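Let me begin by presenting the structure, written as structure tokens, before commenting on it.
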Amino acid sequence: MFETIKPAPPDAILGLTEAFQKDPNPRKINLGVGVYKDGRGQTPVLVSVKEAEKRLLSSEATKSYLPIDGLAAYATACQELAFGGDHPIVREARAATVQTPGGTGALRVAADFVRRISPQAKVWLSDPTWPNHPNVFGSAALNVASYPYFDAAGNRVAFDSMMAALEVIPAGDVLLVHGCCHNPTGADLSSEQWQAVAALCAGRGILPLLDFAYQGFGNGLEEDAIGVRIVADHCDEFLVAGSFSKNFGLYNERVGALTLVAAGADAAAAAQSHLKICVRTNYSNPPAHGGQIVAAILGDPELRQTWEVELAEMRDRINAMRHLFVETLDEQGVARDFSFIAQQRGMFSFSGLTPAQVQALRERHSIYAVGSGRINVAGMTESNMEYLCAAIADVLN
Ligand code: LMR
């Protein structure tokens, strides 16, 4: 059976990390995978996480299975973080949350659920989007299509083209929108634009699926949730795929959540029974540790305060790097206008570098970026900035 298998291509993002690790150049820079680095180029374990882990270790009494849908305290914490403390959706039990292995796991459970309930539904993805999106939905045997999202010439959301495309999406299809910190462009919808998208979904019977992996990395925990909350105001039914890889730095714990919102508590409970089948037939029940950490931090005022400060530090450092990058490119004599990078939010920006320029950065300077030109701003530091900008000046010439 295996004799004739041809090798599959490396993953567009995680494959870069493998190549980066093999590169012996001491000046190498990884702007590929979306992992936060501090000013020393390290991906730290947050103080709040370490403290929660200490407490968990000393109080842990069993390693028995979690329920299929995960920890109840985690589900409540996820809903409160996304919708806000006393939101009617939470109060009226209109939301069902399943704890998943990472945001990718949440997307896959969403995909399996849609396939189970409505196999004809097509999933609409922004163009461009995270390169794994089409693969996740395609692997669940769903059809995918794309809608225009980014105006590369103006470095902003191509909102008119986006709305024109959304207006002809059939009822019952799924519209995936990045909740904040759009991956890969860093260009987000304004609240007015969210209002228009949410009203259109409600009016046409399109199911919004918000990929919400970067809450707190853009403008703040509450500010980054405006899209989710506007959709909650307009739409009776929607899905939110969340991740705590980035905002808690819990990448390798694989901790995410799929939250389904229904028009009423009975519908939510019925839908949850199907979500549980999707989980049970896939990974049975989630790993405990990451969810326990998140629930412990969000449930303890002191730990939560520490975490919010740490999250703000990460956000502020990324935004400071955005400004320093633009300034340093200027100092290196780069004539092209990169000022849009300072306006964008989250870990990523679309640099506008061509695939050939990205390849030249890697071959000549050991700087790794995604072939599309996406750069992870969180991989920049004060110490690597000059080398990086000089290299970009070199490949642009
Ligand atoms: C990214 O886009 O780099 C991250 O979301 C990591 C991943 O899994 O691709």
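Residues in the structure tokens are named by chain (A, B, ... in the order shown) and by number from 1 within that chain; ligands are numbered from 1 in the order shown.
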Who sits within 12 Å of Val197 in chain A, only C-alpha atoms, same chain under 2 positions skipped, as a PDB file with N, CA, C and O atoms, in the first residue's frame:
ATOM      1  N   PHE A 159     -13.426  46.490   0.984  1.00  0.00           N
ATOM      2  CA  PHE A 159     -14.743  46.253   1.564  1.00  0.00           C
ATOM      3  C   PHE A 159     -15.872  46.219   0.532  1.00  0.00           C
ATOM      4  O   PHE A 159     -16.787  45.396   0.626  1.00  0.00           O
ATOM      5  N   ASP A 160     -15.800  47.107  -0.461  1.00  0.00           N
ATOM      6  CA  ASP A 160     -16.897  47.122  -1.446  1.00  0.00           C
ATOM      7  C   ASP A 160     -16.947  45.812  -2.222  1.00  0.00           C
ATOM      8  O   ASP A 160     -18.018  45.226  -2.407  1.00  0.00           O
ATOM      9  N   MET A 162     -15.772  42.998  -1.214  1.00  0.00           N
ATOM     10  CA  MET A 162     -16.163  41.948  -0.272  1.00  0.00           C
ATOM     11  C   MET A 162     -17.690  41.882  -0.154  1.00  0.00           C
ATOM     12  O   MET A 162     -18.303  40.818  -0.272  1.00  0.00           O
ATOM     13  N   MET A 163     -18.314  43.052   0.066  1.00  0.00           N
ATOM     14  CA  MET A 163     -19.777  43.069   0.251  1.00  0.00           C
ATOM     15  C   MET A 163     -20.504  42.620  -1.014  1.00  0.00           C
ATOM     16  O   MET A 163     -21.517  41.904  -0.933  1.00  0.00           O
ATOM     17  N   ALA A 164     -19.969  43.022  -2.163  1.00  0.00           N
ATOM     18  CA  ALA A 164     -20.620  42.614  -3.419  1.00  0.00           C
ATOM     19  C   ALA A 164     -20.605  41.090  -3.530  1.00  0.00           C
ATOM     20  O   ALA A 164     -21.592  40.480  -3.954  1.00  0.00           O
ATOM     21  N   ALA A 165     -19.502  40.476  -3.112  1.00  0.00           N
ATOM     22  CA  ALA A 165     -19.419  39.003  -3.183  1.00  0.00           C
ATOM     23  C   ALA A 165     -20.336  38.356  -2.145  1.00  0.00           C
ATOM     24  O   ALA A 165     -20.998  37.351  -2.423  1.00  0.00           O
ATOM     25  N   LEU A 166     -20.394  38.963  -0.944  1.00  0.00           N
ATOM     26  CA  LEU A 166     -21.223  38.383   0.119  1.00  0.00           C
ATOM     27  C   LEU A 166     -22.706  38.421  -0.241  1.00  0.00           C
ATOM     28  O   LEU A 166     -23.483  37.556   0.164  1.00  0.00           O
ATOM     29  N   GLU A 167     -23.071  39.451  -1.006  1.00  0.00           N
ATOM     30  CA  GLU A 167     -24.495  39.612  -1.329  1.00  0.00           C
ATOM     31  C   GLU A 167     -25.053  38.492  -2.194  1.00  0.00           C
ATOM     32  O   GLU A 167     -26.269  38.361  -2.316  1.00  0.00           O
ATOM     33  N   LEU A 175     -19.937  31.620   6.302  1.00  0.00           N
ATOM     34  CA  LEU A 175     -18.994  32.703   5.996  1.00  0.00           C
ATOM     35  C   LEU A 175     -17.946  32.747   7.096  1.00  0.00           C
ATOM     36  O   LEU A 175     -18.252  33.093   8.249  1.00  0.00           O
ATOM     37  N   LEU A 176     -16.715  32.392   6.762  1.00  0.00           N
ATOM     38  CA  LEU A 176     -15.652  32.477   7.766  1.00  0.00           C
ATOM     39  C   LEU A 176     -15.052  33.883   7.736  1.00  0.00           C
ATOM     40  O   LEU A 176     -14.598  34.358   6.691  1.00  0.00           O
ATOM     41  N   VAL A 177     -15.100  34.546   8.887  1.00  0.00           N
ATOM     42  CA  VAL A 177     -14.505  35.880   9.024  1.00  0.00           C
ATOM     43  C   VAL A 177     -13.504  35.819  10.171  1.00  0.00           C
ATOM     44  O   VAL A 177     -13.769  35.185  11.199  1.00  0.00           O
ATOM     45  N   LEU A 189     -11.728  44.570   9.865  1.00  0.00           N
ATOM     46  CA  LEU A 189     -12.940  45.331   9.591  1.00  0.00           C
ATOM     47  C   LEU A 189     -13.131  46.386  10.687  1.00  0.00           C
ATOM     48  O   LEU A 189     -12.831  46.118  11.858  1.00  0.00           O
ATOM     49  N   SER A 190     -13.676  47.550  10.311  1.00  0.00           N
ATOM     50  CA  SER A 190     -14.056  48.559  11.319  1.00  0.00           C
ATOM     51  C   SER A 190     -15.393  48.131  11.925  1.00  0.00           C
ATOM     52  O   SER A 190     -16.076  47.249  11.383  1.00  0.00           O
ATOM     53  N   SER A 191     -15.820  48.806  13.015  1.00  0.00           N
ATOM     54  CA  SER A 191     -17.112  48.378  13.581  1.00  0.00           C
ATOM     55  C   SER A 191     -18.257  48.615  12.611  1.00  0.00           C
ATOM     56  O   SER A 191     -19.195  47.807  12.551  1.00  0.00           O
ATOM     57  N   GLU A 192     -18.187  49.673  11.813  1.00  0.00           N
ATOM     58  CA  GLU A 192     -19.268  49.912  10.827  1.00  0.00           C
ATOM     59  C   GLU A 192     -19.297  48.769   9.815  1.00  0.00           C
ATOM     60  O   GLU A 192     -20.359  48.301   9.408  1.00  0.00           O
ATOM     61  N   GLN A 193     -18.106  48.336   9.423  1.00  0.00           N
ATOM     62  CA  GLN A 193     -18.054  47.241   8.444  1.00  0.00           C
ATOM     63  C   GLN A 193     -18.565  45.933   9.052  1.00  0.00           C
ATOM     64  O   GLN A 193     -19.283  45.176   8.402  1.00  0.00           O
ATOM     65  N   TRP A 194     -18.230  45.710  10.327  1.00  0.00           N
ATOM     66  CA  TRP A 194     -18.776  44.522  11.004  1.00  0.00           C
ATOM     67  C   TRP A 194     -20.306  44.574  11.032  1.00  0.00           C
ATOM     68  O   TRP A 194     -20.974  43.566  10.831  1.00  0.00           O
ATOM     69  N   GLN A 195     -20.839  45.773  11.318  1.00  0.00           N
ATOM     70  CA  GLN A 195     -22.314  45.915  11.364  1.00  0.00           C
ATOM     71  C   GLN A 195     -22.913  45.494  10.038  1.00  0.00           C
ATOM     72  O   GLN A 195     -23.911  44.769   9.990  1.00  0.00           O
ATOM     73  N   ALA A 199     -25.297  42.278   9.557  1.00  0.00           N
ATOM     74  CA  ALA A 199     -26.683  42.478   9.101  1.00  0.00           C
ATOM     75  C   ALA A 199     -26.933  41.683   7.830  1.00  0.00           C
ATOM     76  O   ALA A 199     -28.005  41.081   7.655  1.00  0.00           O
ATOM     77  N   LEU A 200     -25.942  41.646   6.954  1.00  0.00           N
ATOM     78  CA  LEU A 200     -26.103  40.890   5.707  1.00  0.00           C
ATOM     79  C   LEU A 200     -26.267  39.396   6.003  1.00  0.00           C
ATOM     80  O   LEU A 200     -27.129  38.723   5.437  1.00  0.00           O
ATOM     81  N   CYS A 201     -25.446  38.862   6.915  1.00  0.00           N
ATOM     82  CA  CYS A 201     -25.557  37.437   7.262  1.00  0.00           C
ATOM     83  C   CYS A 201     -26.937  37.132   7.836  1.00  0.00           C
ATOM     84  O   CYS A 201     -27.575  36.139   7.471  1.00  0.00           O
ATOM     85  N   ALA A 202     -27.383  38.017   8.753  1.00  0.00           N
ATOM     86  CA  ALA A 202     -28.691  37.792   9.374  1.00  0.00           C
ATOM     87  C   ALA A 202     -29.789  37.849   8.311  1.00  0.00           C
ATOM     88  O   ALA A 202     -30.688  37.002   8.274  1.00  0.00           O
ATOM     89  N   GLY A 203     -29.700  38.835   7.435  1.00  0.00           N
ATOM     90  CA  GLY A 203     -30.737  39.028   6.419  1.00  0.00           C
ATOM     91  C   GLY A 203     -30.774  37.888   5.413  1.00  0.00           C
ATOM     92  O   GLY A 203     -31.843  37.483   4.968  1.00  0.00           O
ATOM     93  N   ARG A 204     -29.628  37.358   5.051  1.00  0.00           N
ATOM     94  CA  ARG A 204     -29.586  36.343   3.993  1.00  0.00           C
ATOM     95  C   ARG A 204     -29.567  34.913   4.528  1.00  0.00           C
ATOM     96  O   ARG A 204     -29.583  33.963   3.754  1.00  0.00           O
ATOM     97  N   GLY A 205     -29.489  34.756   5.855  1.00  0.00           N
ATOM     98  CA  GLY A 205     -29.442  33.388   6.394  1.00  0.00           C
ATOM     99  C   GLY A 205     -28.108  32.712   6.155  1.00  0.00           C
ATOM    100  O   GLY A 205     -28.031  31.502   5.928  1.00  0.00           O
ATOM    101  N   ILE A 206     -27.040  33.487   6.218  1.00  0.00           N
ATOM    102  CA  ILE A 206     -25.681  32.930   6.089  1.00  0.00           C
ATOM    103  C   ILE A 206     -25.163  32.694   7.510  1.00  0.00           C
ATOM    104  O   ILE A 206     -25.376  33.523   8.398  1.00  0.00           O
ATOM    105  N   LEU A 207     -24.475  31.569   7.723  1.00  0.00           N
ATOM    106  CA  LEU A 207     -23.971  31.255   9.071  1.00  0.00           C
ATOM    107  C   LEU A 207     -22.557  31.819   9.245  1.00  0.00           C
ATOM    108  O   LEU A 207     -21.624  31.340   8.590  1.00  0.00           O
ATOM    109  N   PRO A 208     -22.375  32.813  10.131  1.00  0.00           N
ATOM    110  CA  PRO A 208     -21.012  33.309  10.357  1.00  0.00           C
ATOM    111  C   PRO A 208     -20.198  32.325  11.205  1.00  0.00           C
ATOM    112  O   PRO A 208     -20.703  31.771  12.179  1.00  0.00           O
ATOM    113  N   LEU A 210     -16.643  32.689  13.078  1.00  0.00           N
ATOM    114  CA  LEU A 210     -15.575  33.636  13.384  1.00  0.00           C
ATOM    115  C   LEU A 210     -14.348  32.872  13.858  1.00  0.00           C
ATOM    116  O   LEU A 210     -14.428  32.096  14.816  1.00  0.00           O
ATOM    117  N   GLY A 227     -16.135  42.562  16.874  1.00  0.00           N
ATOM    118  CA  GLY A 227     -16.722  41.821  15.748  1.00  0.00           C
ATOM    119  C   GLY A 227     -17.642  40.711  16.257  1.00  0.00           C
ATOM    120  O   GLY A 227     -18.784  40.572  15.807  1.00  0.00           O
ATOM    121  N   VAL A 228     -17.141  39.938  17.220  1.00  0.00           N
ATOM    122  CA  VAL A 228     -17.933  38.841  17.784  1.00  0.00           C
ATOM    123  C   VAL A 228     -19.229  39.402  18.386  1.00  0.00           C
ATOM    124  O   VAL A 228     -20.312  38.856  18.200  1.00  0.00           O
ATOM    125  N   ILE A 230     -20.777  42.272  17.748  1.00  0.00           N
ATOM    126  CA  ILE A 230     -21.703  42.814  16.748  1.00  0.00           C
ATOM    127  C   ILE A 230     -22.442  41.668  16.054  1.00  0.00           C
ATOM    128  O   ILE A 230     -23.657  41.734  15.839  1.00  0.00           O
ATOM    129  N   VAL A 231     -21.724  40.600  15.739  1.00  0.00           N
ATOM    130  CA  VAL A 231     -22.401  39.438  15.148  1.00  0.00           C
ATOM    131  C   VAL A 231     -23.440  38.902  16.144  1.00  0.00           C
ATOM    132  O   VAL A 231     -24.561  38.555  15.765  1.00  0.00           O
ATOM    133  N   ALA A 232     -23.080  38.879  17.427  1.00  0.00           N
ATOM    134  CA  ALA A 232     -24.022  38.401  18.454  1.00  0.00           C
ATOM    135  C   ALA A 232     -25.284  39.277  18.502  1.00  0.00           C
ATOM    136  O   ALA A 232     -26.384  38.788  18.769  1.00  0.00           O
ATOM    137  N   ASP A 233     -25.122  40.581  18.224  1.00  0.00           N
ATOM    138  CA  ASP A 233     -26.285  41.481  18.234  1.00  0.00           C
ATOM    139  C   ASP A 233     -27.238  41.201  17.067  1.00  0.00           C
ATOM    140  O   ASP A 233     -28.435  41.419  17.175  1.00  0.00           O
ATOM    141  N   HIS A 234     -26.664  40.780  15.940  1.00  0.00           N
ATOM    142  CA  HIS A 234     -27.488  40.646  14.733  1.00  0.00           C
ATOM    143  C   HIS A 234     -27.960  39.221  14.447  1.00  0.00           C
ATOM    144  O   HIS A 234     -29.023  39.047  13.868  1.00  0.00           O
ATOM    145  N   CYS A 235     -27.120  38.243  14.773  1.00  0.00           N
ATOM    146  CA  CYS A 235     -27.373  36.886  14.263  1.00  0.00           C
ATOM    147  C   CYS A 235     -27.813  35.953  15.388  1.00  0.00           C
ATOM    148  O   CYS A 235     -27.164  35.913  16.436  1.00  0.00           O
TER     149      CYS A 235
END
**Study point:** Backbone DSSP call of alpha helix (DSSP H) for range 21-203 of chain A, listed as an MDAnalysis selection string
**Key:** chainID A and resid 21:22 47:59 72:83 88:91 102:117 132:139 159:166 191:203
Show me a table, sorted first by chain and then by increasing residue number, of the residues of range 269-291 of chain A having an atom at most 9 Å from range 48-65 of chain A, each with its shortest atom pair and the distance in Å to one decimal, counting only C-alpha atoms and written as JSON lines.
{"residue": "A:Asn285", "atom": "CA", "partner": "A:Tyr65", "partner_atom": "CA", "distance": 7.3}
{"residue": "A:Pro286", "atom": "CA", "partner": "A:Tyr65", "partner_atom": "CA", "distance": 8.3}
{"residue": "A:Pro287", "atom": "CA", "partner": "A:Tyr65", "partner_atom": "CA", "distance": 8.3}
{"residue": "A:Ala288", "atom": "CA", "partner": "A:Tyr65", "partner_atom": "CA", "distance": 8.1}
{"residue": "A:His289", "atom": "CA", "partner": "A:Glu53", "partner_atom": "CA", "distance": 8.6}
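For ligand 1, the neighbouring protein, DNA and RNA residues, which are those within 7 Å when only C-alpha atoms and all ligand atoms are counted, are Ile13, Leu14, Gly32, Val33, Gly34, Val35, Trp130, Asn132 and Asn183 of chain A.
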**Study point:** strand (DSSP E or B) positions in range 54-263 of chain A, given as an MDAnalysis selection string
**Key:** chainID A and resid 95:100 122:127 143:148 150:151 156:157 174:178 207:212 238:243 256:261
Review point. What's the 10 Å shell around Arg116 in chain A, counting only C-alpha atoms, without same-chain residues fewer than 6 positions away, as a PyMOL selection string?
Key: chain A and resi 110+140+274-275+277-278
Go ahead and write the selection's residues with N, CA, C and O atoms as a PDB file, in the first residue's frame.
ATOM      1  N   ALA A 110     -15.855  22.362  13.936  1.00  0.00           N
ATOM      2  CA  ALA A 110     -16.877  23.165  13.238  1.00  0.00           C
ATOM      3  C   ALA A 110     -17.143  22.569  11.855  1.00  0.00           C
ATOM      4  O   ALA A 110     -18.301  22.436  11.427  1.00  0.00           O
ATOM      5  N   ALA A 140     -12.682  17.861   5.687  1.00  0.00           N
ATOM      6  CA  ALA A 140     -13.981  17.447   6.238  1.00  0.00           C
ATOM      7  C   ALA A 140     -15.001  17.264   5.103  1.00  0.00           C
ATOM      8  O   ALA A 140     -16.203  17.180   5.368  1.00  0.00           O
ATOM      9  N   HIS A 274     -24.601  16.951  18.936  1.00  0.00           N
ATOM     10  CA  HIS A 274     -23.918  16.599  17.672  1.00  0.00           C
ATOM     11  C   HIS A 274     -22.450  17.017  17.709  1.00  0.00           C
ATOM     12  O   HIS A 274     -21.594  16.312  17.171  1.00  0.00           O
ATOM     13  N   LEU A 275     -22.179  18.159  18.331  1.00  0.00           N
ATOM     14  CA  LEU A 275     -20.765  18.552  18.484  1.00  0.00           C
ATOM     15  C   LEU A 275     -20.011  17.448  19.234  1.00  0.00           C
ATOM     16  O   LEU A 275     -18.874  17.119  18.903  1.00  0.00           O
ATOM     17  N   ILE A 277     -20.596  14.303  19.269  1.00  0.00           N
ATOM     18  CA  ILE A 277     -20.312  13.153  18.392  1.00  0.00           C
ATOM     19  C   ILE A 277     -19.104  13.479  17.498  1.00  0.00           C
ATOM     20  O   ILE A 277     -18.222  12.640  17.286  1.00  0.00           O
ATOM     21  N   CYS A 278     -19.042  14.726  17.000  1.00  0.00           N
ATOM     22  CA  CYS A 278     -17.882  15.114  16.173  1.00  0.00           C
ATOM     23  C   CYS A 278     -16.584  14.959  16.974  1.00  0.00           C
ATOM     24  O   CYS A 278     -15.563  14.513  16.451  1.00  0.00           O
TER      25      CYS A 278
END
**Study point:** Close residues, range 134-137 of chain A itself excluded, 12 Å, only C-alpha atoms, min 5 positions apart in chain, as a VMD selection string
**Key:** chain A and resid 11 to 12 103 to 115 119 121 to 129 142 to 146 174 176
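The residue set within 12 Å of Ala73 in chain A, counting only C-alpha atoms and dropping same-chain residues fewer than 5 places from it, reads Leu66, Pro67, Cys78, Gln79, Glu80, Thr97, Val98, Gln99, Ala288, Gly291, Gln292, Ile293, Val294, Ala295, Ala296, Ile297, Leu298, Gly299 and Asp300 of chain A.
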Study note, to complete from the structure: Residue with the minimum atom-to-atom distance to Val377 in chain A, picked from A:His178, A:Arg345, A:Arg362, A:Arg27 with only C-alpha atoms counted, is A:Arg345
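The gap separating CA of Lys6 in chain A from CA of Ser366 in chain A is 28.7 Å, in Å to one decimal.
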Exercise for review: Measure the distance from CA of Gly373 in chain A to CA of Arg315 in chain A in Å and round it to one decimal.
Suggested key: 21.8 Å
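Comparing the minimum interatomic distances between Met385 in chain A and each of A:Ala356, A:Leu329, A:Ala153, A:Ile117, counting only C-alpha atoms, we find that A:Leu329 sits nearest.
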Exercise for review: Determine, counting only C-alpha atoms, which protein, DNA and RNA residues have an atom within 9 Å of an atom of Arg317 in chain A; residues of the same chain fewer than 5 positions away are not included. Present the result as number ranges by chain.
Suggested key: A: 38-39, 312, 322, 378, 381
